[in-house]
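First the structure, in the form of structure tokens, and then the observations on it.
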Amino acid sequence: MRRRRYPSDTTNAEWSLIEPLLPTPACENRAGGRPEKHPRREIVDAIRYVVDTGCKWRALPADFPPWRTVWGFMARWAAAGVVGQIRDQLSSRIRREMGKGPKAVATVIDSQSVKAAETVGKDSRGYDPGKKINGRKRHLVVDTRGLPLLVIVTPASLSDRDAAKEVLFRLRLMHPEITIVWADSAYAGKLVTWAKRHLDLTIKTVSRPKDTSGFIVLPRRWVVERSLAWIMHARRHARDYERLVQHSETLITWAAITLMTRRLARGRRGRAYLPVTP
């Protein structure tokens with residue numbers, strides 16, 4: 001085991017939360033498979049390092065497993081839905097510790113446009129005239145405590161109202177218990193009727209007060225805006241570098257997972273960066 005030296009490394013308490021949620025190694029299944037060469041904790045630490053520092057995959061420090069191995073695990077876990085399951089399990093655990101039900105019934109939605117690097121192809125990027133940004137747009141849905149439920153990445157040229165149909169459709173499939181979605185005025189209009197008729201979702205918009213200027217904390221909306229700010233603390237997300245939108249969504253989810261594991265592990269034994277006992 002390598003020495004844990006980076007701020008993004010998992011603590012013992014954090015790893016105890018993540019390890020049970022990872023899929024069983026192939027070598028332990030009935031079908032069998034080759035044993036994994038590198039410990040999974042090192043794989044997770046490497047993914048978190050990329051998300052936290054924003055470095056290139058090829059620039060992973062030498063004490064991590066080879067970058068192709070780390071990237072491969074990231075892609076396979078994303079395709080199998082493992083990362084989303086980890087996110088949902090952790091958010092349910094936080095809600096229970098807060099005295100709430102494990103499933104949210106009220107959510108908040110918002111979007112964020114970010115510039116895209118040259119590695120992002122023309123087919124998945126666009127120009128947002130409102131923000132004057134050429135890149136991608138992140139559509140984030142959180143519960144009323146700011147815990148992420150769903151993230152979808154689209155070209156920045158796609159309006160919030162048009163993208164919301166896909167976002168809300170996926171949200172309804174993944175979380176049928178949700179009944180209310182809070183949003184800003186960009187989601188008003190025909191979308192409200194469409195969501196009620198086809199998805200049985202109630203969209204409630206929170207508009208900015210008239211004759212106001214500067215920054216104003218708006219009810220409900222500030223929750224998702226704070227969550228977007230939390231995600232931006234990870235330097236990988238200051239700009240979009242991923243060639244595939246699904247990998248961009250996955251790394252955003254990993255940033256949220258890091259926030260949730262740190263929250264759950266806060267104040268517990270193992271918070272310090274201690275070596276793992278065999």
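Chain identifiers are assigned as A, B, and so on, following the order in which chains appear in the structure tokens; residues are numbered from 1 within each chain, and ligands are numbered from 1 in order of appearance.
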
Got a sec: who's within 10 Å of segment 148-151 of chain A, counting only C-alpha atoms, leaving out chain neighbours fewer than 4 positions off, as an MDAnalysis selection string?
chainID A and resid 84 87:88 91 104 107:109 111 138:144 167:168 170:171 174:175 224 227:228 246 248:250 252:253 256:257 260

Let me see the file: selected residues, N, CA, C and O atoms, as a short mmCIF file (atom, residue, chain, number, x, y, z; two decimals), in the first residue's frame.
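What ended up in again-v9.cif:
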data_model
loop_
_atom_site.label_atom_id
_atom_site.label_comp_id
_atom_site.auth_asym_id
_atom_site.auth_seq_id
_atom_site.Cartn_x
_atom_site.Cartn_y
_atom_site.Cartn_z
N GLY A 84 -23.45 6.22 -9.73
CA GLY A 84 -24.76 6.75 -9.34
C GLY A 84 -25.31 6.04 -8.12
O GLY A 84 -25.94 6.68 -7.26
N ARG A 87 -23.58 7.43 -5.04
CA ARG A 87 -24.16 8.75 -4.73
C ARG A 87 -25.49 8.62 -4.01
O ARG A 87 -25.73 9.27 -2.99
N ASP A 88 -26.37 7.77 -4.52
CA ASP A 88 -27.70 7.64 -3.93
C ASP A 88 -27.64 7.04 -2.54
O ASP A 88 -28.38 7.46 -1.63
N SER A 91 -26.27 9.77 -0.11
CA SER A 91 -27.23 10.84 0.16
C SER A 91 -28.36 10.33 1.06
O SER A 91 -28.83 11.05 1.95
N ALA A 104 -36.01 11.78 -1.10
CA ALA A 104 -36.50 13.15 -1.17
C ALA A 104 -37.79 13.20 -1.99
O ALA A 104 -37.93 12.47 -2.97
N THR A 107 -37.40 18.73 -4.72
CA THR A 107 -36.07 18.93 -5.29
C THR A 107 -35.95 20.35 -5.84
O THR A 107 -36.94 21.08 -5.97
N VAL A 108 -34.72 20.70 -6.19
CA VAL A 108 -34.42 22.00 -6.79
C VAL A 108 -33.54 21.76 -8.01
O VAL A 108 -32.63 20.93 -7.96
N ILE A 109 -33.81 22.47 -9.10
CA ILE A 109 -33.06 22.28 -10.34
C ILE A 109 -32.48 23.60 -10.80
O ILE A 109 -33.08 24.66 -10.62
N SER A 111 -29.04 25.17 -13.69
CA SER A 111 -27.99 24.84 -14.66
C SER A 111 -26.81 25.77 -14.50
O SER A 111 -26.92 26.85 -13.91
N ARG A 138 -24.21 22.27 -17.36
CA ARG A 138 -24.49 21.23 -16.37
C ARG A 138 -25.87 21.48 -15.75
O ARG A 138 -26.13 22.57 -15.23
N HIS A 139 -26.72 20.49 -15.81
CA HIS A 139 -28.05 20.57 -15.23
C HIS A 139 -28.05 19.70 -13.98
O HIS A 139 -27.90 18.48 -14.05
N LEU A 140 -28.22 20.34 -12.83
CA LEU A 140 -28.11 19.65 -11.55
C LEU A 140 -29.44 19.67 -10.81
O LEU A 140 -30.11 20.71 -10.75
N VAL A 141 -29.82 18.51 -10.27
CA VAL A 141 -31.01 18.38 -9.44
C VAL A 141 -30.55 17.94 -8.06
O VAL A 141 -29.81 16.96 -7.92
N VAL A 142 -30.98 18.67 -7.03
CA VAL A 142 -30.61 18.35 -5.64
C VAL A 142 -31.87 18.31 -4.80
O VAL A 142 -32.92 18.82 -5.19
N ASP A 143 -31.74 17.71 -3.60
CA ASP A 143 -32.86 17.76 -2.67
C ASP A 143 -32.81 19.09 -1.91
O ASP A 143 -31.96 19.94 -2.17
N THR A 144 -33.70 19.28 -0.97
CA THR A 144 -33.78 20.56 -0.27
C THR A 144 -32.62 20.79 0.69
O THR A 144 -32.52 21.87 1.27
N VAL A 167 -34.04 15.96 -18.44
CA VAL A 167 -33.64 15.89 -17.03
C VAL A 167 -34.79 15.38 -16.17
O VAL A 167 -34.61 14.47 -15.35
N LEU A 168 -35.96 15.95 -16.35
CA LEU A 168 -37.10 15.56 -15.52
C LEU A 168 -37.57 14.15 -15.85
O LEU A 168 -38.04 13.43 -14.96
N ARG A 170 -35.65 11.61 -16.78
CA ARG A 170 -34.73 10.71 -16.07
C ARG A 170 -34.97 10.75 -14.57
O ARG A 170 -34.91 9.73 -13.89
N LEU A 171 -35.24 11.95 -14.06
CA LEU A 171 -35.49 12.10 -12.63
C LEU A 171 -36.71 11.28 -12.21
O LEU A 171 -36.71 10.62 -11.17
N MET A 174 -35.77 7.53 -12.14
CA MET A 174 -34.86 7.16 -11.06
C MET A 174 -35.48 7.38 -9.68
O MET A 174 -35.18 6.63 -8.75
N HIS A 175 -36.33 8.39 -9.56
CA HIS A 175 -36.90 8.74 -8.25
C HIS A 175 -38.41 8.98 -8.40
O HIS A 175 -38.86 10.13 -8.43
N VAL A 224 -29.52 24.90 -4.62
CA VAL A 224 -28.83 24.28 -5.76
C VAL A 224 -27.64 25.13 -6.20
O VAL A 224 -26.61 24.61 -6.66
N SER A 227 -24.83 24.11 -4.09
CA SER A 227 -24.31 22.81 -4.51
C SER A 227 -23.40 22.96 -5.73
O SER A 227 -22.36 22.29 -5.83
N LEU A 228 -23.78 23.80 -6.68
CA LEU A 228 -22.91 24.06 -7.83
C LEU A 228 -21.59 24.68 -7.40
O LEU A 228 -20.53 24.37 -7.95
N GLN A 246 -20.79 11.66 -20.77
CA GLN A 246 -21.02 10.74 -19.65
C GLN A 246 -19.85 10.71 -18.68
O GLN A 246 -20.04 10.52 -17.48
N SER A 248 -17.95 13.36 -18.15
CA SER A 248 -18.08 14.63 -17.43
C SER A 248 -19.08 14.50 -16.30
O SER A 248 -18.83 14.96 -15.17
N GLU A 249 -20.21 13.86 -16.57
CA GLU A 249 -21.22 13.63 -15.54
C GLU A 249 -20.67 12.76 -14.41
O GLU A 249 -20.95 13.00 -13.23
N THR A 250 -19.86 11.77 -14.78
CA THR A 250 -19.29 10.86 -13.77
C THR A 250 -18.34 11.60 -12.83
O THR A 250 -18.40 11.42 -11.61
N ILE A 252 -18.25 14.78 -12.16
CA ILE A 252 -19.03 15.70 -11.31
C ILE A 252 -19.64 14.92 -10.14
O ILE A 252 -19.64 15.38 -9.00
N THR A 253 -20.13 13.72 -10.44
CA THR A 253 -20.70 12.89 -9.37
C THR A 253 -19.63 12.48 -8.37
O THR A 253 -19.89 12.43 -7.16
N ALA A 256 -19.19 15.16 -5.91
CA ALA A 256 -20.26 15.14 -4.93
C ALA A 256 -20.07 14.01 -3.92
O ALA A 256 -20.34 14.17 -2.72
N ILE A 257 -19.58 12.85 -4.40
CA ILE A 257 -19.32 11.73 -3.49
C ILE A 257 -18.26 12.10 -2.47
O ILE A 257 -18.37 11.76 -1.28
N MET A 260 -19.79 14.20 0.21
CA MET A 260 -20.67 13.46 1.11
C MET A 260 -19.90 12.53 2.04
O MET A 260 -20.24 12.41 3.23
#

When you look at Thr10 of chain A with a cut-off of 9 Å (counting only C-alpha atoms), what residues show up, excluding the ones that are within fewer than 6 positions of it in the same chain? I need them as a list of chain:residue names.
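Here the qualifying residues turn out to be A:Arg4, A:Arg41, A:Val44, A:Asp45, A:Arg48, A:Thr258, A:Thr261, A:Arg262, A:Arg271, A:Tyr273.
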
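Nearest residue to Met1 of chain A among A:Tyr49, A:Phe64, A:Tyr127, A:Phe169 is A:Phe64, counting only C-alpha atoms.
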
Would you list, as a ChimeraX atom specification, the residues of segment 87-193 of chain A that end up in strand (DSSP E) under DSSP run on this structure's backbone?
/A:106-115,126-128,133-143,148-155,180-183

Which parts of segment 59-204 of chain A does DSSP call alpha helix (DSSP H) when run on the backbone here, written out as a PyMOL selection string?
chain A and resi 67-79+82-97+160-174+190-194

Near Arg76 of chain A, within 12 Å and counting only C-alpha atoms, which residues show up once chain neighbours fewer than 5 positions away are dropped, as an MDAnalysis selection string?
chainID A and resid 22:23 69:71 81:83 246:247 250

May I have the selected residues written with N, CA and C atoms, as a CSV table (one decimal), in the first residue's frame?
chain,number,residue,atom,x,y,z
A,22,LEU,N,-18.9,-0.7,-3.7
A,22,LEU,CA,-18.3,-1.1,-5.0
A,22,LEU,C,-18.7,-2.5,-5.4
A,23,PRO,N,-18.7,-2.8,-6.7
A,23,PRO,CA,-19.1,-4.1,-7.1
A,23,PRO,C,-18.1,-5.2,-6.7
A,69,THR,N,-5.2,2.2,-16.2
A,69,THR,CA,-5.9,1.4,-15.3
A,69,THR,C,-7.0,2.2,-14.6
A,70,VAL,N,-6.6,3.3,-14.1
A,70,VAL,CA,-7.5,4.2,-13.3
A,70,VAL,C,-8.6,4.7,-14.2
A,71,TRP,N,-8.3,5.1,-15.4
A,71,TRP,CA,-9.3,5.6,-16.3
A,71,TRP,C,-10.3,4.5,-16.7
A,81,GLY,N,-23.3,2.0,-13.9
A,81,GLY,CA,-24.2,2.7,-12.9
A,81,GLY,C,-23.7,2.6,-11.5
A,82,VAL,N,-22.5,2.2,-11.3
A,82,VAL,CA,-21.9,2.1,-9.9
A,82,VAL,C,-21.8,3.4,-9.2
A,83,VAL,N,-21.3,4.4,-9.9
A,83,VAL,CA,-21.1,5.7,-9.4
A,83,VAL,C,-22.4,6.4,-8.9
A,246,GLN,N,-20.8,11.7,-20.8
A,246,GLN,CA,-21.0,10.7,-19.6
A,246,GLN,C,-19.9,10.7,-18.7
A,247,HIS,N,-18.6,10.9,-19.2
A,247,HIS,CA,-17.5,11.0,-18.3
A,247,HIS,C,-17.5,12.3,-17.5
A,250,THR,N,-19.9,11.8,-14.8
A,250,THR,CA,-19.3,10.9,-13.8
A,250,THR,C,-18.3,11.6,-12.8

Identify, on the basis of only C-alpha atoms, every residue whose closest approach to Ile47 of chain A does not exceed 10 Å; exclude the query and any residue fewer than 5 positions from it along the same chain; express the result as JSON, numbers by chain.
{"A": [8, 9, 41, 42, 52, 57, 60, 64, 67, 70, 71, 73, 74, 251, 254, 255]}

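Residues in contact range of Val217 of chain A, defined as at most 12 Å between only C-alpha atoms, with sequence neighbours fewer than 5 positions away removed, read Val206, Ser207, Arg208, Pro209, Thr212, Trp222, Val223, Val224, Glu225 and Arg226 of chain A.
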
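Here atom CA of Asp128 of chain A stands at a distance of 20.1 Å from atom CA of Leu191 of chain A.
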
Out of A:Ala234, A:Pro35, A:Arg145, A:Asn12, which residue has the shortest atom-to-atom distance to Lys100 of chain A when counting only C-alpha atoms?
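When distances to Lys100 of chain A are compared using only C-alpha atoms, the smallest one comes from A:Arg145.
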
Hey, which bits of segment 143-222 of chain A sit within 10 Å of segment 117-124 of chain A, and for each residue what's the closest pair of atoms and how far apart in Å (one decimal), counting only C-alpha atoms, rows by chain and increasing number, as JSON lines?
{"residue": "A:Val153", "atom": "CA", "partner": "A:Ser124", "partner_atom": "CA", "distance": 9.0}
{"residue": "A:Thr154", "atom": "CA", "partner": "A:Ser124", "partner_atom": "CA", "distance": 6.7}
{"residue": "A:Pro155", "atom": "CA", "partner": "A:Ser124", "partner_atom": "CA", "distance": 5.2}
{"residue": "A:Ala156", "atom": "CA", "partner": "A:Ser124", "partner_atom": "CA", "distance": 8.7}
{"residue": "A:Ser157", "atom": "CA", "partner": "A:Ser124", "partner_atom": "CA", "distance": 9.7}

Prev. selection, N, CA, C and O atoms, output as a PDB file, in the first residue's frame:
ATOM      1  N   VAL A 153     -25.165  16.613 -18.511  1.00  0.00           N
ATOM      2  CA  VAL A 153     -24.342  17.589 -19.220  1.00  0.00           C
ATOM      3  C   VAL A 153     -24.807  17.669 -20.667  1.00  0.00           C
ATOM      4  O   VAL A 153     -24.971  16.634 -21.332  1.00  0.00           O
ATOM      5  N   THR A 154     -25.019  18.884 -21.163  1.00  0.00           N
ATOM      6  CA  THR A 154     -25.459  19.112 -22.533  1.00  0.00           C
ATOM      7  C   THR A 154     -24.617  20.232 -23.153  1.00  0.00           C
ATOM      8  O   THR A 154     -23.882  20.934 -22.438  1.00  0.00           O
ATOM      9  N   PRO A 155     -24.716  20.443 -24.472  1.00  0.00           N
ATOM     10  CA  PRO A 155     -24.093  21.637 -25.052  1.00  0.00           C
ATOM     11  C   PRO A 155     -24.678  22.897 -24.431  1.00  0.00           C
ATOM     12  O   PRO A 155     -25.874  22.946 -24.092  1.00  0.00           O
ATOM     13  N   ALA A 156     -23.850  23.924 -24.271  1.00  0.00           N
ATOM     14  CA  ALA A 156     -24.316  25.154 -23.621  1.00  0.00           C
ATOM     15  C   ALA A 156     -25.380  25.871 -24.441  1.00  0.00           C
ATOM     16  O   ALA A 156     -26.120  26.700 -23.901  1.00  0.00           O
ATOM     17  N   SER A 157     -25.487  25.551 -25.720  1.00  0.00           N
ATOM     18  CA  SER A 157     -26.468  26.204 -26.577  1.00  0.00           C
ATOM     19  C   SER A 157     -27.887  25.726 -26.307  1.00  0.00           C
ATOM     20  O   SER A 157     -28.852  26.374 -26.717  1.00  0.00           O
TER      21      SER A 157
END
